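What follows is the content of work-v3.pdb (PDB, C-alpha atoms).
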ATOM      1  CA  MET A 699      12.201 -23.972  -1.428
ATOM      2  CA  ARG A 700      13.749 -22.723  -4.619
ATOM      3  CA  LEU A 701      14.649 -19.075  -4.744
ATOM      4  CA  LYS A 702      13.970 -16.909  -7.765
ATOM      5  CA  ALA A 703      16.674 -14.675  -9.244
ATOM      6  CA  LYS A 704      15.180 -11.562  -7.662
ATOM      7  CA  GLN A 705      15.144 -13.212  -4.261
ATOM      8  CA  LEU A 706      18.750 -14.295  -4.704
ATOM      9  CA  VAL A 707      19.720 -10.655  -5.267
ATOM     10  CA  HIS A 708      17.939  -9.744  -2.046
ATOM     11  CA  VAL A 709      19.632 -12.542  -0.152
ATOM     12  CA  ALA A 710      22.997 -11.413  -1.539
ATOM     13  CA  ILE A 711      22.385  -7.818  -0.436
ATOM     14  CA  VAL A 712      21.390  -8.919   3.061
ATOM     15  CA  CYS A 713      24.414 -11.229   3.373
ATOM     16  CA  GLY A 714      26.761  -8.524   2.084
ATOM     17  CA  PHE A 715      25.333  -6.080   4.550
ATOM     18  CA  ALA A 716      25.659  -8.561   7.409
ATOM     19  CA  ALA A 717      29.310  -9.165   6.487
ATOM     20  CA  PHE A 718      30.015  -5.434   6.310
ATOM     21  CA  VAL A 719      28.405  -4.762   9.682
ATOM     22  CA  GLY A 720      30.222  -7.735  11.190
ATOM     23  CA  VAL A 721      33.594  -6.455   9.970
ATOM     24  CA  SER A 722      32.684  -2.952  11.135
ATOM     25  CA  PHE A 723      32.085  -4.150  14.667
ATOM     26  CA  ILE A 724      35.353  -6.088  14.756
ATOM     27  CA  ALA A 725      37.354  -3.229  13.217
ATOM     28  CA  GLU A 726      35.367  -0.660  15.188
ATOM     29  CA  MET A 727      34.284   1.403  12.209
ATOM     30  CA  PRO A 728      31.589   3.790  13.406
ATOM     31  CA  LEU A 729      29.781   4.016  10.050
ATOM     32  CA  GLY A 730      29.046   0.306   9.833
ATOM     33  CA  GLN A 731      28.216   0.149  13.513
ATOM     34  CA  THR A 732      25.581   2.865  13.132
ATOM     35  CA  MET A 733      24.097   1.042  10.139
ATOM     36  CA  GLY A 734      23.956  -2.190  12.104
ATOM     37  CA  LYS A 735      22.255  -0.528  15.048
ATOM     38  CA  THR A 736      19.711   1.216  12.818
ATOM     39  CA  PHE A 737      19.001  -2.109  11.133
ATOM     40  CA  ALA A 738      18.464  -3.881  14.447
ATOM     41  CA  THR A 739      16.092  -1.286  15.911
ATOM     42  CA  THR A 740      14.067  -1.021  12.689
ATOM     43  CA  LEU A 741      13.815  -4.789  12.336
ATOM     44  CA  LEU A 742      12.752  -5.192  15.964
ATOM     45  CA  GLN A 743      10.049  -2.576  15.539
ATOM     46  CA  MET A 744       8.612  -4.339  12.502
ATOM     47  CA  ILE A 745       8.859  -7.903  13.766
ATOM     48  CA  LYS A 746       6.303  -6.951  16.404
ATOM     49  CA  LEU A 747       3.694  -6.094  13.777
ATOM     50  CA  ILE A 748       4.261  -8.060  10.637
ATOM     51  CA  PRO A 749       3.236 -11.574  11.713
ATOM     52  CA  CYS A 750      -0.145 -10.235  12.872
ATOM     53  CA  ALA A 751      -0.758  -8.492   9.567
ATOM     54  CA  PHE A 752       0.072 -11.631   7.597
ATOM     55  CA  VAL A 753      -2.182 -13.813   9.733
ATOM     56  CA  LEU A 754      -5.089 -11.383   9.310
ATOM     57  CA  ILE A 755      -4.613 -11.195   5.554
ATOM     58  CA  ALA A 756      -4.509 -14.991   5.265
ATOM     59  CA  LEU A 757      -7.658 -15.380   7.378
ATOM     60  CA  PHE A 758      -9.410 -12.915   5.127
ATOM     61  CA  ASP A 759      -8.306 -14.790   2.022
ATOM     62  CA  VAL A 760      -9.440 -18.135   3.370
ATOM     63  CA  TRP A 761     -12.859 -16.970   4.500
ATOM     64  CA  VAL A 762     -13.869 -14.564   1.746
ATOM     65  CA  LYS A 763     -13.797 -15.884  -1.764
ATOM     66  CA  ARG A 764     -13.139 -13.553  -4.664
ATOM     67  CA  GLU A 765     -15.820 -15.227  -6.800
ATOM     68  CA  THR A 766     -18.459 -14.519  -4.184
ATOM     69  CA  VAL A 767     -17.751 -10.839  -4.319
ATOM     70  CA  GLU A 768     -17.674 -10.740  -8.077
ATOM     71  CA  ARG A 769     -21.034 -12.534  -8.265
ATOM     72  CA  HIS A 770     -22.707 -10.114  -5.872
ATOM     73  CA  PHE A 771     -21.047  -7.267  -7.601
ATOM     74  CA  GLY A 772     -22.582  -7.917 -11.004
ATOM     75  CA  SER A 773     -26.132  -7.210  -9.894
ATOM     76  CA  GLY A 774     -25.208  -4.266  -7.688
ATOM     77  CA  SER A 775     -25.837  -0.842  -9.066
ATOM     78  CA  GLY A 776     -26.264   2.579  -7.478
ATOM     79  CA  VAL A 777     -24.947   2.946  -3.952
ATOM     80  CA  ARG A 778     -24.733  -0.785  -3.410
ATOM     81  CA  GLY A 779     -22.559  -1.136  -6.507
ATOM     82  CA  TYR A 780     -20.031   1.284  -5.027
ATOM     83  CA  LEU A 781     -20.061  -0.492  -1.681
ATOM     84  CA  TRP A 782     -19.264  -3.789  -3.405
ATOM     85  CA  CYS A 783     -16.689  -1.871  -5.372
ATOM     86  CA  ILE A 784     -14.898  -0.835  -2.187
ATOM     87  CA  LEU A 785     -14.838  -4.454  -1.055
ATOM     88  CA  LEU A 786     -13.652  -5.738  -4.410
ATOM     89  CA  GLY A 787     -11.012  -3.003  -4.597
ATOM     90  CA  GLY A 788      -9.980  -3.875  -1.058
ATOM     91  CA  MET A 789      -9.431  -7.476  -2.069
ATOM     92  CA  THR A 790      -7.162  -6.592  -4.962
ATOM     93  CA  ILE A 791      -3.697  -7.918  -4.356
ATOM     94  CA  GLY A 792      -0.487  -6.596  -5.808
ATOM     95  CA  GLY A 793      -1.251  -3.065  -6.796
ATOM     96  CA  LEU A 794      -2.537  -0.731  -9.432
ATOM     97  CA  TYR A 795      -1.102  -2.842 -12.215
ATOM     98  CA  LEU A 796      -3.318  -5.776 -11.248
ATOM     99  CA  SER A 797      -6.428  -3.639 -11.032
ATOM    100  CA  PHE A 798      -6.420  -2.770 -14.747
ATOM    101  CA  PRO A 799      -7.205  -6.272 -16.037
ATOM    102  CA  VAL A 800      -9.910  -6.655 -13.392
ATOM    103  CA  ALA A 801     -11.361  -3.275 -14.373
ATOM    104  CA  CYS A 802     -11.380  -4.445 -17.967
ATOM    105  CA  SER A 803     -13.252  -7.638 -17.126
ATOM    106  CA  LEU A 804     -15.739  -5.656 -15.032
ATOM    107  CA  PHE A 805     -16.401  -3.447 -18.026
ATOM    108  CA  ARG A 806     -16.890  -6.464 -20.274
ATOM    109  CA  LYS A 807     -19.354  -7.956 -17.822
ATOM    110  CA  GLY A 808     -21.441  -4.833 -18.163
ATOM    111  CA  ALA A 809     -20.373  -2.712 -15.211
ATOM    112  CA  LYS A 810     -20.941   1.007 -15.471
ATOM    113  CA  LEU A 811     -17.890   3.083 -16.431
ATOM    114  CA  SER A 812     -18.124   5.082 -13.214
ATOM    115  CA  VAL A 813     -18.041   1.848 -11.230
ATOM    116  CA  VAL A 814     -15.014   0.668 -13.229
ATOM    117  CA  PHE A 815     -13.063   3.847 -12.428
ATOM    118  CA  ALA A 816     -14.191   3.782  -8.823
ATOM    119  CA  TYR A 817     -12.877   0.228  -8.613
ATOM    120  CA  VAL A 818      -9.436   1.276  -9.887
ATOM    121  CA  GLY A 819      -9.417   4.115  -7.364
ATOM    122  CA  PHE A 820     -10.360   1.833  -4.485
ATOM    123  CA  ALA A 821      -7.895  -0.823  -5.584
ATOM    124  CA  GLY A 822      -5.232   1.836  -5.118
ATOM    125  CA  VAL A 823      -6.414   3.400  -1.913
ATOM    126  CA  CYS A 824      -8.157   0.782   0.216
ATOM    127  CA  ARG A 825      -6.488  -2.555  -0.363
ATOM    128  CA  ILE A 826      -7.167  -4.467   2.821
ATOM    129  CA  PRO A 827      -3.741  -6.067   3.377
ATOM    130  CA  MET A 828      -2.059  -2.698   2.931
ATOM    131  CA  THR A 829      -4.546  -0.997   5.223
ATOM    132  CA  MET A 830      -3.727  -3.573   7.918
ATOM    133  CA  PHE A 831      -0.112  -2.514   7.812
ATOM    134  CA  GLU A 832      -1.051   1.121   7.765
ATOM    135  CA  LEU A 833      -3.396   0.724  10.704
ATOM    136  CA  SER A 834      -0.782  -0.945  12.852
ATOM    137  CA  ILE A 835       2.052   1.367  11.899
ATOM    138  CA  MET A 836       0.490   4.787  11.349
ATOM    139  CA  GLY A 837      -2.392   4.473  13.799
ATOM    140  CA  PRO A 838      -6.199   4.470  13.392
ATOM    141  CA  THR A 839      -6.558   8.264  13.054
ATOM    142  CA  PHE A 840      -4.285   8.345  10.019
ATOM    143  CA  THR A 841      -6.137   5.480   8.311
ATOM    144  CA  ALA A 842      -9.577   6.871   9.144
ATOM    145  CA  VAL A 843      -8.768  10.307   7.743
ATOM    146  CA  ARG A 844      -7.114   8.903   4.639
ATOM    147  CA  LEU A 845     -10.049   6.623   3.795
ATOM    148  CA  GLY A 846     -12.662   9.155   4.896
ATOM    149  CA  VAL A 847     -11.255  11.788   2.570
ATOM    150  CA  SER A 848     -10.321   9.690  -0.425
ATOM    151  CA  ILE A 849     -13.357   7.375  -0.748
ATOM    152  CA  PRO A 850     -15.954  10.155  -1.310
ATOM    153  CA  LEU A 851     -13.571  11.968  -3.652
ATOM    154  CA  ILE A 852     -12.976   8.808  -5.687
ATOM    155  CA  ILE A 853     -16.712   8.162  -6.007
ATOM    156  CA  ALA A 854     -17.418  11.781  -7.006
ATOM    157  CA  THR A 855     -14.673  11.988  -9.619
ATOM    158  CA  SER A 856     -15.494   8.518 -10.994
ATOM    159  CA  VAL A 857     -19.142   9.458 -11.474
ATOM    160  CA  VAL A 858     -18.171  12.615 -13.370
ATOM    161  CA  MET A 859     -15.559  10.802 -15.456
ATOM    162  CA  GLY A 860     -17.898   7.897 -16.175
ATOM    163  CA  ARG A 861     -20.751  10.140 -17.312
ATOM    164  CA  ILE A 862     -18.586  12.212 -19.640
ATOM    165  CA  LEU A 863     -16.892   9.175 -21.185
ATOM    166  CA  GLN A 864     -20.108   7.190 -21.508
ATOM    167  CA  ARG A 865     -21.502   9.994 -23.643
ATOM    168  CA  HIS A 866     -18.476   9.711 -25.927
ATOM    169  CA  GLY A 867     -18.893   5.978 -26.348
ATOM    170  CA  TYR A 868     -15.609   5.251 -24.556
ATOM    171  CA  GLU A 869     -14.488   1.647 -24.135
ATOM    172  CA  VAL A 870     -11.923  -0.095 -21.989
ATOM    173  CA  LYS A 871      -9.613  -2.016 -24.311
ATOM    174  CA  GLU A 872      -7.949  -5.321 -23.729
TER     175      GLU A 872
ATOM    176  CA  MET B 512      -0.271  -1.730  18.484
ATOM    177  CA  ILE B 513      -2.032  -3.663  21.260
ATOM    178  CA  VAL B 514      -5.229  -3.209  19.252
ATOM    179  CA  LEU B 515      -3.659  -5.171  16.413
ATOM    180  CA  TYR B 516      -2.787  -8.039  18.760
ATOM    181  CA  ILE B 517      -6.324  -8.086  20.133
ATOM    182  CA  ILE B 518      -7.898  -8.033  16.653
ATOM    183  CA  THR B 519      -5.606 -10.840  15.503
ATOM    184  CA  ALA B 520      -6.271 -12.949  18.594
ATOM    185  CA  VAL B 521     -10.051 -12.533  18.374
ATOM    186  CA  SER B 522     -10.179 -13.259  14.618
ATOM    187  CA  LEU B 523      -7.984 -16.290  15.056
ATOM    188  CA  THR B 524     -10.120 -17.639  17.894
ATOM    189  CA  VAL B 525     -13.391 -17.122  16.026
ATOM    190  CA  SER B 526     -11.915 -18.741  12.925
ATOM    191  CA  LEU B 527     -10.611 -21.668  14.964
ATOM    192  CA  ILE B 528     -14.020 -22.304  16.499
ATOM    193  CA  ALA B 529     -15.730 -22.031  13.113
ATOM    194  CA  ASP B 530     -13.405 -24.250  11.132
ATOM    195  CA  ARG B 531     -10.187 -25.784  12.318
ATOM    196  CA  ARG B 532      -8.893 -26.898   8.948
ATOM    197  CA  LYS B 533      -9.526 -23.572   7.285
ATOM    198  CA  THR B 534      -7.696 -21.826  10.095
ATOM    199  CA  ALA B 535      -4.748 -24.170   9.765
ATOM    200  CA  SER B 536      -4.540 -23.537   6.044
ATOM    201  CA  ALA B 537      -4.740 -19.788   6.680
ATOM    202  CA  LEU B 538      -1.805 -19.986   9.067
ATOM    203  CA  GLN B 539       0.125 -22.032   6.551
ATOM    204  CA  LEU B 540      -0.647 -19.460   3.878
ATOM    205  CA  ALA B 541       0.527 -16.649   6.169
ATOM    206  CA  ALA B 542       3.798 -18.422   6.920
ATOM    207  CA  LYS B 543       4.402 -19.209   3.249
ATOM    208  CA  ARG B 544       3.802 -15.633   2.184
ATOM    209  CA  LEU B 545       5.912 -14.244   4.986
ATOM    210  CA  GLY B 546       8.759 -16.525   3.944
ATOM    211  CA  LYS B 547       8.417 -15.398   0.366
ATOM    212  CA  VAL B 548       8.634 -11.689   1.115
ATOM    213  CA  LEU B 549      11.253 -11.994   3.833
ATOM    214  CA  PRO B 550      14.290 -11.437   1.550
ATOM    215  CA  ALA B 551      12.696  -8.353  -0.034
ATOM    216  CA  PHE B 552      11.703  -7.160   3.375
ATOM    217  CA  LEU B 553      15.161  -7.495   4.888
ATOM    218  CA  THR B 554      16.646  -5.825   1.814
ATOM    219  CA  MET B 555      14.315  -2.884   2.363
ATOM    220  CA  ILE B 556      15.535  -2.501   5.939
ATOM    221  CA  VAL B 557      19.159  -2.827   4.796
ATOM    222  CA  LEU B 558      18.701  -0.106   2.150
ATOM    223  CA  PHE B 559      16.878   2.053   4.665
ATOM    224  CA  SER B 560      19.644   1.655   7.265
ATOM    225  CA  VAL B 561      22.363   2.427   4.715
ATOM    226  CA  ALA B 562      20.518   5.437   3.278
ATOM    227  CA  ILE B 563      19.647   6.874   6.681
ATOM    228  CA  THR B 564      23.253   6.509   7.876
ATOM    229  CA  LEU B 565      24.811   7.982   4.748
ATOM    230  CA  LEU B 566      22.245  10.716   4.181
ATOM    231  CA  PRO B 567      23.035  13.400   6.729
ATOM    232  CA  HIS B 568      20.182  14.001   9.140
ATOM    233  CA  PRO B 569      19.988  17.763   8.376
ATOM    234  CA  VAL B 570      19.504  17.102   4.654
ATOM    235  CA  LEU B 571      16.677  14.634   5.252
ATOM    236  CA  MET B 572      15.068  16.999   7.723
ATOM    237  CA  ARG B 573      15.321  19.912   5.311
ATOM    238  CA  LEU B 574      13.739  17.858   2.530
ATOM    239  CA  MET B 575      10.987  16.083   4.445
ATOM    240  CA  GLY B 576      11.325  16.963   8.136
ATOM    241  CA  LYS B 577       9.248  18.813  10.667
ATOM    242  CA  ASP B 578       9.706  22.255   9.145
ATOM    243  CA  SER B 579       9.725  21.143   5.498
ATOM    244  CA  GLY B 580       6.030  22.058   5.159
ATOM    245  CA  TRP B 581       4.746  22.210   1.610
ATOM    246  CA  ARG B 582       8.145  21.491   0.112
ATOM    247  CA  GLY B 583       8.163  18.232   2.067
ATOM    248  CA  VAL B 584       4.743  17.350   0.685
ATOM    249  CA  ALA B 585       5.921  18.187  -2.841
ATOM    250  CA  VAL B 586       9.086  16.083  -2.537
ATOM    251  CA  ALA B 587       7.199  13.169  -0.982
ATOM    252  CA  SER B 588       4.411  13.178  -3.562
ATOM    253  CA  CYS B 589       6.893  13.172  -6.442
ATOM    254  CA  LEU B 590       8.771  10.271  -4.838
ATOM    255  CA  GLY B 591       5.495   8.449  -4.213
ATOM    256  CA  SER B 592       4.261   8.911  -7.780
ATOM    257  CA  ALA B 593       7.499   7.650  -9.282
ATOM    258  CA  ALA B 594       8.134   4.707  -6.973
ATOM    259  CA  LEU B 595       6.628   1.256  -7.267
ATOM    260  CA  MET B 596       6.564  -0.397  -3.890
ATOM    261  CA  PRO B 597       4.256  -2.913  -2.240
ATOM    262  CA  GLY B 598       2.338  -1.787   0.846
ATOM    263  CA  PHE B 599       4.095  -4.220   3.138
ATOM    264  CA  ILE B 600       7.301  -2.353   2.384
ATOM    265  CA  ALA B 601       5.892   1.166   2.057
ATOM    266  CA  PHE B 602       4.202   1.430   5.430
ATOM    267  CA  PRO B 603       7.026   0.017   7.529
ATOM    268  CA  LEU B 604       9.215   2.553   5.714
ATOM    269  CA  CYS B 605       6.724   5.289   6.622
ATOM    270  CA  GLY B 606       6.824   4.096  10.221
ATOM    271  CA  ALA B 607      10.604   4.307  10.283
ATOM    272  CA  LEU B 608      10.506   7.817   8.777
ATOM    273  CA  LEU B 609       7.841   8.827  11.282
ATOM    274  CA  GLY B 610      10.235   7.820  14.027
ATOM    275  CA  ARG B 611      12.797  10.163  12.468
ATOM    276  CA  GLY B 612      10.480  13.134  12.779
ATOM    277  CA  VAL B 613       8.933  13.207   9.311
ATOM    278  CA  PRO B 614       5.424  14.675   9.684
ATOM    279  CA  TYR B 615       2.219  12.687   9.085
ATOM    280  CA  MET B 616       1.257  15.122   6.333
ATOM    281  CA  VAL B 617       4.380  14.347   4.304
ATOM    282  CA  LEU B 618       3.927  10.604   4.823
ATOM    283  CA  ALA B 619       0.277  10.857   3.737
ATOM    284  CA  ALA B 620       1.381  12.533   0.493
ATOM    285  CA  PHE B 621       3.986   9.817  -0.033
ATOM    286  CA  SER B 622       1.808   6.800   0.719
ATOM    287  CA  THR B 623      -1.302   8.004  -1.111
ATOM    288  CA  THR B 624       0.516   8.929  -4.330
ATOM    289  CA  LEU B 625       2.448   5.681  -4.071
ATOM    290  CA  MET B 626      -0.775   3.699  -4.061
ATOM    291  CA  SER B 627      -2.861   5.566  -6.595
ATOM    292  CA  VAL B 628      -0.552   7.421  -8.987
ATOM    293  CA  GLY B 629       1.512   5.268 -11.297
ATOM    294  CA  VAL B 630       4.231   6.795 -13.427
ATOM    295  CA  LEU B 631       5.901   3.436 -13.900
ATOM    296  CA  THR B 632       2.618   1.683 -14.626
ATOM    297  CA  TYR B 633       1.704   4.266 -17.293
ATOM    298  CA  PRO B 634       2.604   2.013 -20.278
ATOM    299  CA  LEU B 635       0.352  -0.719 -18.908
ATOM    300  CA  GLU B 636      -2.517   1.537 -17.952
ATOM    301  CA  ARG B 637      -2.443   3.238 -21.353
ATOM    302  CA  GLN B 638      -3.172  -0.116 -23.012
ATOM    303  CA  TYR B 639      -6.420  -0.463 -21.126
ATOM    304  CA  PHE B 640      -7.648   3.100 -20.740
ATOM    305  CA  GLY B 641      -5.941   4.981 -23.590
ATOM    306  CA  VAL B 642      -3.548   7.924 -23.224
ATOM    307  CA  LYS B 643      -6.045  10.656 -22.389
ATOM    308  CA  VAL B 644      -8.010   8.807 -19.733
ATOM    309  CA  THR B 645      -4.805   7.491 -18.161
ATOM    310  CA  LEU B 646      -3.395  11.009 -17.827
ATOM    311  CA  VAL B 647      -6.661  12.376 -16.439
ATOM    312  CA  ARG B 648      -7.062   9.516 -13.983
ATOM    313  CA  ASN B 649      -3.533   9.952 -12.654
ATOM    314  CA  ALA B 650      -3.932  13.724 -12.389
ATOM    315  CA  ILE B 651      -7.153  13.287 -10.415
ATOM    316  CA  SER B 652      -5.499  10.697  -8.155
ATOM    317  CA  PHE B 653      -2.614  13.101  -7.536
ATOM    318  CA  LEU B 654      -5.033  15.867  -6.574
ATOM    319  CA  ILE B 655      -6.919  13.545  -4.231
ATOM    320  CA  ALA B 656      -3.593  12.617  -2.601
ATOM    321  CA  MET B 657      -2.827  16.312  -2.061
ATOM    322  CA  ILE B 658      -6.225  16.861  -0.438
ATOM    323  CA  VAL B 659      -5.677  13.825   1.799
ATOM    324  CA  ALA B 660      -2.275  15.215   2.825
ATOM    325  CA  VAL B 661      -3.721  18.613   3.701
ATOM    326  CA  VAL B 662      -6.553  17.116   5.775
ATOM    327  CA  ILE B 663      -4.073  14.823   7.571
ATOM    328  CA  GLY B 664      -1.910  17.874   8.257
ATOM    329  CA  LEU B 665      -4.897  19.717   9.721
ATOM    330  CA  VAL B 666      -6.052  16.759  11.826
ATOM    331  CA  PHE B 667      -2.580  16.171  13.276
ATOM    332  CA  GLY B 668      -2.098  19.910  13.823
ATOM    333  CA  GLU B 669       0.873  20.121  11.451
ATOM    334  CA  VAL B 670      -0.593  22.958   9.372
ATOM    335  CA  ARG B 671      -3.061  25.679  10.175
ATOM    336  CA  LEU B 672      -5.390  27.454   7.805
TER     337      LEU B 672
END

Structure translated into structure tokens:
Amino acid sequence: MRLKAKQLVHVAIVCGFAAFVGVSFIAEMPLGQTMGKTFATTLLQMIKLIPCAFVLIALFDVWVKRETVERHFGSGSGVRGYLWCILLGGMTIGGLYLSFPVACSLFRKGAKLSVVFAYVGFAGVCRIPMTMFELSIMGPTFTAVRLGVSIPLIIATSVVMGRILQRHGYEVKE
Amino acid sequence: MIVLYIITAVSLTVSLIADRRKTASALQLAAKRLGKVLPAFLTMIVLFSVAITLLPHPVLMRLMGKDSGWRGVAVASCLGSAALMPGFIAFPLCGALLGRGVPYMVLAAFSTTLMSVGVLTYPLERQYFGVKVTLVRNAISFLIAMIVAVVIGLVFGEVRL
């Protein structure tokens, strides 16, 4: 596997760190030893969770096709439109920056402005892969409260924003 | 954490019964992705270990610790708005900070602004939505993040009205 430049930088940092910690343990420098110990405990903690999250994300990707959602989404309006929106937002990968082009294409396909903004909001807040990590690390209460509070607020503000902008003939540009 | 193992095991079993080849390709995909993010992931832990060791515990605690209260939320939400970080790095980081005594409320402010407010993505967002709508959308997202943080604080008993 060929490594990209960015990955090489990461590999270099990790190797440099490993060398520093190694020297620290031989020379008995407390600073490097503490860093090494912190690294080991943090890594151990995460190794227990991360493989599960990646397997779940991959299963989701294999079984649910993006096109399927987009097709269903087009006809959906009203409450159902927002429900599809949550799902579509949840399937967004990457982050906010990837949700803008999708929002634009939704708008072009005739989606309501409020639905477009709701989608951007959901793409930020309820991306499924991210939520998997959150769930396993922060616990179900944290995730439930976060989603329970933000989803209604996103829908409410998107509806208001959409209505006002629609009246002004606003358009999402490319 | 055991819940996660159970969910994974059940999903994997159901998927395996339904379609063996699809399951195999899913596992391959998972391994490939994990391999791809591994360097970035290890770097994150390295930076975290270095920062935590060099940054004196009292300073961190004063900024974002148990008694930081609203100042902690303010600091965390500014950091979250400015940073650009994928979720697979952000939440493990939150978990590590949680272990250091940073309250749930502060972490909620950090993670929610991180995901929905984009200072660094502003130039991109402006191209699609225009300046005004971009500013309004980010302001609204910031407010929503604050509300989420307050509710989390109430639910976890970290603040009282």

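In terms of minimum interatomic distance to chain A, B:Arg637 ranks closest within B:Arg637, B:Arg582, B:Lys577, B:His568, counting only C-alpha atoms.
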
(message) For this structure, which residues satisfy the selection - the PyMOL selection byres ((chain B and resi 528-541) around 12) - when it is evaluated on the file as given? I want them as a ChimeraX atom specification.
(response) /A:748-762,827 /B:519,521-527,542-549

Would you output that residue set with C-alpha atoms, as a compact mmCIF listing (two decimals), in the coordinates of the input?
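And here is the file that came out, out.txt:
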# COMPACT_ATOMS: atom_id res chain seq x y z
CA ILE A 748 4.26 -8.06 10.64
CA PRO A 749 3.24 -11.57 11.71
CA CYS A 750 -0.14 -10.24 12.87
CA ALA A 751 -0.76 -8.49 9.57
CA PHE A 752 0.07 -11.63 7.60
CA VAL A 753 -2.18 -13.81 9.73
CA LEU A 754 -5.09 -11.38 9.31
CA ILE A 755 -4.61 -11.20 5.55
CA ALA A 756 -4.51 -14.99 5.26
CA LEU A 757 -7.66 -15.38 7.38
CA PHE A 758 -9.41 -12.92 5.13
CA ASP A 759 -8.31 -14.79 2.02
CA VAL A 760 -9.44 -18.14 3.37
CA TRP A 761 -12.86 -16.97 4.50
CA VAL A 762 -13.87 -14.56 1.75
CA PRO A 827 -3.74 -6.07 3.38
CA THR B 519 -5.61 -10.84 15.50
CA VAL B 521 -10.05 -12.53 18.37
CA SER B 522 -10.18 -13.26 14.62
CA LEU B 523 -7.98 -16.29 15.06
CA THR B 524 -10.12 -17.64 17.89
CA VAL B 525 -13.39 -17.12 16.03
CA SER B 526 -11.92 -18.74 12.92
CA LEU B 527 -10.61 -21.67 14.96
CA ALA B 542 3.80 -18.42 6.92
CA LYS B 543 4.40 -19.21 3.25
CA ARG B 544 3.80 -15.63 2.18
CA LEU B 545 5.91 -14.24 4.99
CA GLY B 546 8.76 -16.52 3.94
CA LYS B 547 8.42 -15.40 0.37
CA VAL B 548 8.63 -11.69 1.12
CA LEU B 549 11.25 -11.99 3.83

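Among the candidates B:Val670, B:Ile517, B:Leu665, B:Val644, the one nearest to Ser579 in chain B when counting only C-alpha atoms is B:Val670.
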
(message) Going by the chain IDs and residue numbers used in this file, which residues fall under the PyMOL selection byres ((chain B) within 6 of (chain A))? Write them as a PyMOL selection string.
(response) chain B and resi 512+537+541+550-551+554+560-561+564+598+602+606+626-627+639-640+659

Could you write out as AutoDock Vina command-line options the box around range 616-626 of chain B (axis-aligned, all atoms listed in the file, 8 Å on each side), with centre and edge lengths in Å to one decimal?
--center_x 1.5 --center_y 9.4 --center_z 1.0 --size_x 21.7 --size_y 27.4 --size_z 26.7

(request) Using only C-alpha atoms, find the one residue out of B:Leu574, B:Leu590, B:Ile600, B:Ile651 that sits nearest to Ala816 in chain A. (result)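 Ranked by minimum distance to Ala816 in chain A, first place goes to B:Ile651.
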
(request) Return the single residue from B:Gly591, B:Pro569, B:Pro634, B:Gly576 that is closest to Pro614 in chain B, with distances computed using only C-alpha atoms. (result)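 The closest residue to Pro614 in chain B is B:Gly576.
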
(message) Just to confirm, what's the straight-line distance from CA of Val666 in chain B to CA of Pro603 in chain B in Å (one decimal)?
(response) 21.7 Å

(request) Quick one: pull the distance between CA of Lys643 in chain B and CA of Ile862 in chain A, Å, one decimal. (result) 12.9 Å

(message) One number please: CA of Ser592 in chain B to CA of Ala703 in chain A, in Å, one decimal.
(response)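 CA of Ser592 in chain B sits 26.7 Å away from CA of Ala703 in chain A.
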
(request) For a cut-off of 6 Å around (2.1, 12.0, -1.1), file coordinates, pick out all residues using all atoms listed in the file and list them as a ChimeraX atom specification. (result) /B:587-588,591,619-624,656
